[in-house]
Structure formats: C-alpha cells, structure tokens
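Chemist: Structure supplied as final-v4.cif; contents: mmCIF, C-alpha atoms and all ligand atoms.
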```cif
data_data
#
loop_
_atom_site.label_atom_id
_atom_site.label_comp_id
_atom_site.auth_asym_id
_atom_site.auth_seq_id
_atom_site.Cartn_x
_atom_site.Cartn_y
_atom_site.Cartn_z
CA MET A 17 9.71 -4.22 -12.08
CA PRO A 18 11.80 -3.26 -15.09
CA ALA A 19 15.08 -5.06 -15.72
CA CYS A 20 18.23 -3.42 -14.41
CA ARG A 21 21.32 -3.34 -16.64
CA LEU A 22 23.80 -3.67 -13.77
CA LYS A 23 25.00 -7.12 -12.74
CA SER A 24 24.47 -8.41 -9.20
CA ILE A 25 27.53 -8.35 -6.99
CA LYS A 26 28.45 -10.58 -4.05
CA VAL A 27 27.67 -9.19 -0.63
CA ALA A 28 28.41 -11.11 2.57
CA PRO A 29 25.25 -12.46 4.26
CA ALA A 30 26.17 -10.65 7.49
CA LEU A 31 26.06 -7.33 5.67
CA LEU A 32 22.76 -8.18 4.02
CA ASN A 33 21.35 -8.99 7.46
CA LYS A 34 22.57 -5.74 8.85
CA TYR A 35 21.57 -3.38 6.07
CA LEU A 36 18.93 -4.93 3.82
CA VAL A 37 15.21 -5.27 4.39
CA LYS A 38 13.31 -7.45 1.97
CA PRO A 39 9.58 -7.01 1.39
CA LEU A 40 7.10 -9.55 2.64
CA PRO A 41 5.36 -11.52 -0.09
CA ARG A 42 2.66 -9.44 -1.73
CA GLN A 43 0.01 -12.05 -0.85
CA ARG A 44 0.73 -11.56 2.84
CA ILE A 45 0.35 -7.78 2.58
CA ASN A 46 -2.91 -8.19 0.72
CA THR A 47 -4.40 -10.29 3.53
CA ILE A 48 -4.16 -7.39 5.99
CA LYS A 49 -7.49 -5.61 5.99
CA PRO A 50 -7.67 -1.83 6.37
CA GLY A 51 -9.81 -2.09 9.53
CA GLU A 52 -7.46 -4.43 11.39
CA ASN A 53 -5.95 -3.32 14.65
CA SER A 54 -2.94 -1.19 13.87
CA ASP A 55 -0.61 -2.93 16.34
CA PHE A 56 -1.45 -6.19 14.68
CA ARG A 57 -0.90 -4.67 11.27
CA ARG A 58 2.40 -3.23 12.36
CA THR A 59 3.86 -6.39 13.81
CA ALA A 60 2.35 -8.68 11.22
CA VAL A 61 3.32 -6.72 8.16
CA LEU A 62 6.55 -5.03 9.00
CA PRO A 63 9.74 -6.89 8.28
CA TYR A 64 11.75 -7.27 11.46
CA ASN A 65 14.28 -4.51 10.93
CA LEU A 66 11.65 -1.98 10.01
CA GLN A 67 10.17 -2.60 13.44
CA THR A 68 13.59 -1.63 14.76
CA LEU A 69 13.31 1.53 12.73
CA THR A 70 10.07 2.56 14.40
CA ALA A 71 11.60 1.81 17.79
CA ALA A 72 14.60 3.97 16.85
CA ARG A 73 12.22 6.84 16.46
CA SER A 74 11.51 6.97 20.16
CA LEU A 75 15.08 6.17 21.14
CA HIS A 76 18.29 7.98 20.39
CA TYR A 77 17.36 9.24 16.95
CA SER A 78 14.64 11.32 18.61
CA SER A 79 12.46 11.97 15.61
CA ARG A 80 14.91 12.38 12.78
CA ILE A 81 14.25 9.60 10.34
CA ILE A 82 14.94 10.38 6.73
CA LEU A 83 13.77 8.49 3.65
CA GLU A 84 15.19 8.47 0.16
CA ALA A 85 12.79 7.02 -2.37
CA ALA A 86 14.50 5.40 -5.38
CA CYS A 87 17.93 5.77 -3.78
CA GLY A 88 19.81 3.93 -6.54
CA LYS A 89 23.37 3.00 -5.53
CA GLY A 90 22.97 4.97 -2.31
CA ASP A 91 25.79 7.48 -2.85
CA PHE A 92 23.71 10.41 -1.65
CA LEU A 93 22.12 8.66 1.32
CA THR A 94 25.27 7.00 2.64
CA ASP A 95 27.12 10.33 2.45
CA ILE A 96 24.50 12.23 4.43
CA ALA A 97 24.20 9.31 6.88
CA ALA A 98 27.95 9.44 7.48
CA ALA A 99 27.79 13.19 8.05
CA ASN A 100 24.78 13.00 10.43
CA PRO A 101 25.19 10.10 12.88
CA ASP A 102 22.34 11.46 15.02
CA CYS A 103 19.80 10.85 12.23
CA PHE A 104 18.50 7.55 10.89
CA TYR A 105 18.27 6.93 7.13
CA ILE A 106 16.34 4.52 5.01
CA GLY A 107 16.76 4.09 1.27
CA VAL A 108 14.29 2.30 -0.98
CA ASP A 109 14.94 0.96 -4.46
CA TYR A 110 13.50 -1.96 -6.37
CA ALA A 111 16.55 -2.82 -8.48
CA TYR A 112 18.45 -5.55 -6.63
CA PRO A 113 21.93 -5.07 -8.21
CA VAL A 114 21.65 -1.38 -7.43
CA ILE A 115 20.62 -1.76 -3.82
CA LEU A 116 23.41 -4.30 -3.26
CA ARG A 117 25.86 -1.54 -4.19
CA ALA A 118 24.21 0.75 -1.66
CA VAL A 119 24.62 -1.94 1.02
CA LYS A 120 28.31 -2.33 0.14
CA ARG A 121 28.84 1.42 0.41
CA ALA A 122 27.11 1.59 3.80
CA ALA A 123 29.35 -1.25 5.01
CA ALA A 124 32.51 0.40 3.65
CA LEU A 125 31.61 3.55 5.56
CA MET A 126 30.79 1.40 8.64
CA LEU A 127 27.43 3.09 9.09
CA ASP A 128 25.10 2.11 11.91
CA ASN A 129 22.32 4.56 11.10
CA ILE A 130 21.04 3.31 7.75
CA LEU A 131 18.85 0.59 6.25
CA PHE A 132 17.92 -0.23 2.69
CA TYR A 133 14.60 -1.66 1.62
CA TRP A 134 14.64 -3.65 -1.58
CA GLY A 135 11.23 -3.19 -3.17
CA ASP A 136 8.74 -0.85 -4.72
CA ILE A 137 8.35 2.48 -2.96
CA LYS A 138 4.59 2.25 -3.51
CA ILE A 139 4.46 -0.92 -1.41
CA PHE A 140 6.90 0.41 1.16
CA LEU A 141 4.75 3.48 1.78
CA LYS A 142 1.74 1.30 2.45
CA TYR A 143 3.37 -0.30 5.50
CA ASP A 144 1.63 0.88 8.60
CA PHE A 145 4.83 1.39 10.59
CA GLU A 146 3.97 4.86 11.83
CA LYS A 147 1.60 7.11 10.06
CA THR A 148 3.95 10.06 10.06
CA VAL A 149 7.38 8.66 10.54
CA PHE A 150 9.69 10.72 8.34
CA THR A 151 11.15 14.15 8.94
CA GLN A 152 12.49 14.45 5.43
CA ILE A 153 11.86 12.60 2.21
CA PHE A 154 14.23 12.93 -0.72
CA ILE A 155 13.46 11.86 -4.26
CA ASN A 156 16.52 12.35 -6.43
CA PHE A 157 16.25 11.94 -10.19
CA PRO A 158 13.36 9.53 -10.04
CA ASP A 159 12.53 9.09 -13.71
CA PRO A 160 14.93 7.21 -15.92
CA TRP A 161 12.16 6.75 -18.49
CA PRO A 162 10.95 10.12 -19.75
CA LYS A 163 8.93 8.62 -22.65
CA ARG A 164 5.15 9.03 -22.46
CA LYS A 165 4.48 5.27 -22.54
CA HIS A 166 6.43 4.95 -19.27
CA HIS A 167 4.63 7.73 -17.41
CA LYS A 168 2.58 5.21 -15.48
CA ARG A 169 5.83 4.12 -13.79
CA ARG A 170 6.47 7.54 -12.30
CA ILE A 171 7.03 7.51 -8.58
CA ILE A 172 4.87 10.54 -7.94
CA GLN A 173 1.34 9.77 -9.08
CA LYS A 174 -1.93 11.01 -7.56
CA ASP A 175 -2.21 7.99 -5.26
CA THR A 176 1.46 7.80 -4.24
CA ALA A 177 1.67 11.56 -3.62
CA GLY A 178 -0.94 11.06 -0.89
CA LEU A 179 1.18 8.27 0.63
CA PHE A 180 4.29 10.46 0.65
CA CYS A 181 2.33 13.25 2.29
CA LYS A 182 0.94 10.91 4.95
CA ALA A 183 4.37 9.48 5.76
CA LEU A 184 5.81 12.93 6.51
CA GLN A 185 5.61 14.47 9.96
CA GLN A 186 4.24 17.98 10.34
CA ASN A 187 6.80 20.69 9.54
CA SER A 188 8.85 18.20 7.56
CA TRP A 189 10.32 18.40 4.09
CA LEU A 190 9.83 16.70 0.78
CA VAL A 191 12.69 17.48 -1.61
CA ILE A 192 12.65 16.43 -5.25
CA ALA A 193 15.49 16.91 -7.72
CA THR A 194 15.45 16.24 -11.44
CA ASP A 195 17.14 17.43 -14.61
CA ILE A 196 13.98 16.97 -16.68
CA LYS A 197 11.97 20.19 -16.78
CA GLU A 198 8.75 18.49 -17.85
CA LEU A 199 9.01 16.14 -14.85
CA TYR A 200 9.60 19.03 -12.47
CA MET A 201 6.44 20.72 -13.76
CA TYR A 202 4.49 17.48 -13.60
CA HIS A 203 5.47 17.04 -9.91
CA ASN A 204 4.31 20.57 -9.15
CA ASN A 205 1.00 19.89 -10.85
CA VAL A 206 0.34 16.68 -8.97
CA LEU A 207 1.50 17.99 -5.58
CA LYS A 208 -0.48 21.22 -5.69
CA GLU A 209 -3.57 19.07 -5.12
CA PHE A 210 -2.28 18.47 -1.57
CA PRO A 211 -3.00 21.56 0.54
CA GLN A 212 -0.80 20.26 3.35
CA LEU A 213 2.26 20.37 1.09
CA VAL A 214 3.40 23.93 0.59
CA PHE A 215 5.79 24.63 -2.23
CA MET A 216 8.63 26.53 -0.58
CA ASN A 217 11.43 26.97 -2.98
CA SER A 218 12.56 25.78 -6.35
CA HIS A 219 15.96 27.26 -7.03
CA ASP A 220 17.93 27.40 -3.85
CA PRO A 221 17.56 24.31 -1.70
CA PHE A 222 20.72 25.29 0.13
CA THR A 223 18.81 27.81 2.23
CA ILE A 224 16.32 25.29 3.59
CA PRO A 225 17.17 24.12 7.10
CA TYR A 226 17.15 20.35 6.85
CA SER A 227 20.01 18.14 7.73
CA GLY A 228 22.39 16.81 5.20
CA TYR A 229 21.12 18.16 1.94
CA LYS A 230 23.78 19.49 -0.37
CA THR A 231 26.56 17.96 1.63
CA ALA A 232 26.07 15.05 -0.77
CA ILE A 233 25.28 14.51 -4.42
CA SER A 234 23.58 11.54 -6.03
CA THR A 235 24.97 9.55 -8.95
CA TYR A 236 22.42 10.98 -11.38
CA GLU A 237 22.95 14.49 -10.10
CA GLN A 238 26.66 14.07 -10.84
CA LYS A 239 25.79 12.85 -14.35
CA GLY A 240 23.38 15.75 -14.93
CA GLU A 241 25.93 18.31 -13.77
CA ALA A 242 28.74 16.75 -15.79
CA ALA A 243 26.55 16.96 -18.90
CA GLY A 244 25.82 20.63 -18.14
CA ARG A 245 22.08 20.07 -17.59
CA HIS A 246 20.05 22.39 -15.37
CA ILE A 247 18.99 20.75 -12.10
CA TYR A 248 15.45 21.53 -10.93
CA TYR A 249 14.89 21.31 -7.19
CA ALA A 250 11.46 21.42 -5.62
CA VAL A 251 11.10 21.75 -1.87
CA TYR A 252 7.77 21.24 -0.10
CA LYS A 253 6.99 21.64 3.57
CA LYS A 254 4.18 19.70 5.19
CA ILE A 255 2.05 21.91 7.38
CA LEU A 256 -1.27 21.66 9.15
CA GLU A 257 -3.96 22.74 6.69
CA LYS A 258 -5.07 25.62 8.89
CA GLU A 259 -1.50 27.01 9.02
CA ARG A 260 -1.61 27.47 5.28
CA PHE A 261 -3.31 30.85 5.60
CA SER A 262 -0.67 32.32 7.86
CA PHE A 263 2.11 32.03 5.25
C1 LIG B 301 17.54 7.51 -12.43
S1 LIG B 301 17.81 6.42 -11.10
C2 LIG B 301 18.24 7.58 -9.80
C3 LIG B 301 18.96 6.95 -8.65
C4 LIG B 301 19.42 7.91 -7.55
N1 LIG B 301 18.30 8.49 -6.86
C5 LIG B 301 20.32 9.00 -8.10
O1 LIG B 301 19.89 10.17 -8.13
O2 LIG B 301 21.43 8.66 -8.51
C6 LIG B 301 16.15 5.98 -10.66
C7 LIG B 301 16.07 4.87 -9.65
O3 LIG B 301 14.71 4.76 -9.27
C8 LIG B 301 14.45 3.40 -8.99
N2 LIG B 301 12.97 3.27 -9.02
C9 LIG B 301 12.13 3.66 -10.01
N3 LIG B 301 10.86 3.42 -9.67
C10 LIG B 301 10.89 2.87 -8.42
C11 LIG B 301 9.89 2.39 -7.54
N4 LIG B 301 8.59 2.42 -7.87
N5 LIG B 301 10.25 1.88 -6.34
C12 LIG B 301 11.58 1.82 -6.00
N6 LIG B 301 12.57 2.25 -6.80
C13 LIG B 301 12.24 2.77 -8.00
C14 LIG B 301 15.20 2.67 -10.07
O4 LIG B 301 15.46 1.31 -9.75
C15 LIG B 301 16.49 3.51 -10.14
O5 LIG B 301 17.50 2.97 -9.30
#
```
How would this structure read if it were set down as structure tokens?
Modeler:
Amino acid sequence: MPACRLKSIKVAPALLNKYLVKPLPRQRINTIKPGENSDFRRTAVLPYNLQTLTAARSLHYSSRIILEAACGKGDFLTDIAAANPDCFYIGVDYAYPVILRAVKRAAALMLDNILFYWGDIKIFLKYDFEKTVFTQIFINFPDPWPKRKHHKRRIIQKDTAGLFCKALQQNSWLVIATDIKELYMYHNNVLKEFPQLVFMNSHDPFTIPYSGYKTAISTYEQKGEAAGRHIYYAVYKKILEKERFSF
C-alpha cells in the first residue's frame, strides 16, 4: 500500500470497535480454497462485524446496503448515512490515517448504520459474505496517481471490475465520479466488457433514483469543483443479461 501523507490521529478504542473492521491476515484468506463450503468460508473468513453486516441485510435494512470503495475521510458516506438511516453503509479505504478520520466523523454524527473496513478493496471484494450484497456501489475520485507507471494501482481493472459486478444485486447501481477525463474513458472501456453492467448516464446523475447521491459531496469532489474542473460521472445499472435486449 502506498504511504499516506496524513498523520494518524487518536481514536478511542470503543469507537474503533464500533466502526472499524480490520482485515484478517492475508495468509488466513489464502488458506480458504475456492471449493470450500460457503458457510464455512463465510464464518471463517469474515471479520466479526462484517458478519453483522450480512445479518443486517435480512433484518431492518431490508436489502439496502451501500458500499463506497476508496471512501477516503468518509465525508460523502457519513453524510448520506446520516440522511438515510434506513440504509446501511460500508466504506473501504486502505490508508489508516484517512479511515481513522472517517471513523471520527461517523462517531461525531452518532451514526449506527455505517462501518469502515481498513484494507484493500480488492481483498474486501473477495470476501464471500454474500455474492450479491450491495444495492449501490460508489467510487468517488479513485485515482490520486494519474501517471502511467501507477496505472496498475487503479481500482477498476479487468479482474476487479468482475468483482464489483458480482457484489452488486440485480437492478443495482455502480456510480463512478472523477475529474480526470482519461480515467473516465478508461473506466468505460473496461466496464463495457461486462454485459450485465449497462451504462445509463454520464452527465446527470441527479436523475437516477438511488438513495443519497448528490445530497453529499466527497472531499475530492469539493477540491475538483473549487478548482473549476469538470466532474465526469458514470452510472451503470446491473441487469440480467437477457434484459439487455429490452432496453
Ligand atoms: C483521491 S482519494 C479519494 C477519496 C474520496 N473517495 C473522495 O472522493 O474524497 C483516493 C482514495 O483511494 C484510496 N485507495 C486507492 N486504492 C485503494 C484500494 N485498492 N483499496 C482501498 N482504498 C484505496 C486511497 O487511500 C485514497 O484515500
């Protein structure tokens, strides 16, 4: 993981227990074989509070569980979580000082419907918690390293795009925002290989009926807007492959 320029801050252990999920050691994940019984995989691999998340799905959150990949300081996610107490939110970021700030913000807003996972999104998406758990996935300003030599670090790659697609429920939304045009086009190119993901809209995400979006703005979106940069939104809907022809 690349170094993060922010310093760590102090967060009370009780808050870390409530809001932060840490990954299991990589060696443990690697010992789980693809053919192993899925219940075993679920209970063996999932950190405890992610098991709670899957339980939440069948309880009062009905099926509204929303993921933000690379959530940074959590401004966007905590704001939409505060505005939508009937939905459950999970933010993933691998920079510890950054995710600590997200935890502090969730605590300041006294949220009960949010968790943060400290770790790589590529590992998170490999957890077998539920094959299609999320009703929306947001990826806001994912690429702080536009240089070519860093392209291998991009969150959307051919293999991870498949994991994002698998984690989405049918009729659910993947929403990506960036202020880098080349990245926006790159995402479109990678995601068009997935027939289940239909590109819906690129300029007006406000018209798409999913909860929370545009009632909040991420830190990098604020920076992009303040600098007068154009923001590129890409909205994809996951459908059954056979529905594709009826659009
Ligand atoms: C430019 S910042 C954007 C943060 C936030 N989404 C926003 O819009 O303000 C990119 C974030 O992606 C995180 N990140 C990059 N690659 C990641 C990965 N593979 N897994 C988890 N987090 C990642 C970085 O730690 C950083 O916090």
Chemist: Report the distance between CA of Ala124 (chain A) and CA of Thr194 (chain A) in Å, rounded to one decimal place.
Modeler: 27.7 Å
Chemist: Determine the nearest neighbour of Leu213 (chain A) from the options A:Tyr200, A:Tyr252, A:Phe92, A:Tyr236, counting only C-alpha atoms.
Modeler: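 When distances to Leu213 (chain A) are compared using only C-alpha atoms, the smallest one comes from A:Tyr252.
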Chemist: Let me see if you get this right: every residue at most 6 Å from ligand LIG 301 (chain B), counting all atoms listed in the file, written as a list in words.
Modeler: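 Written in the requested form, the residues are Ala86, Cys87, Gly88, Val108, Asp109, Tyr110, Ala111, Gly135, Asp136, Ile137, Lys138, Asn156, Phe157, Pro158, Asp159, Pro160, Ile171, Ser234, Thr235, Tyr236 and Glu237 of chain A.
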Chemist: Could you work out how far CA of Ala118 (chain A) lies from CA of Phe132 (chain A), giving the answer in Å with one decimal?
Modeler: 7.7 Å
Chemist: To one decimal place, how far is CA of Asp91 (chain A) from CA of Gly240 (chain A) in Å?
Modeler: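 About the pair CA of Asp91 (chain A) and CA of Gly240 (chain A): they are 14.8 Å apart.
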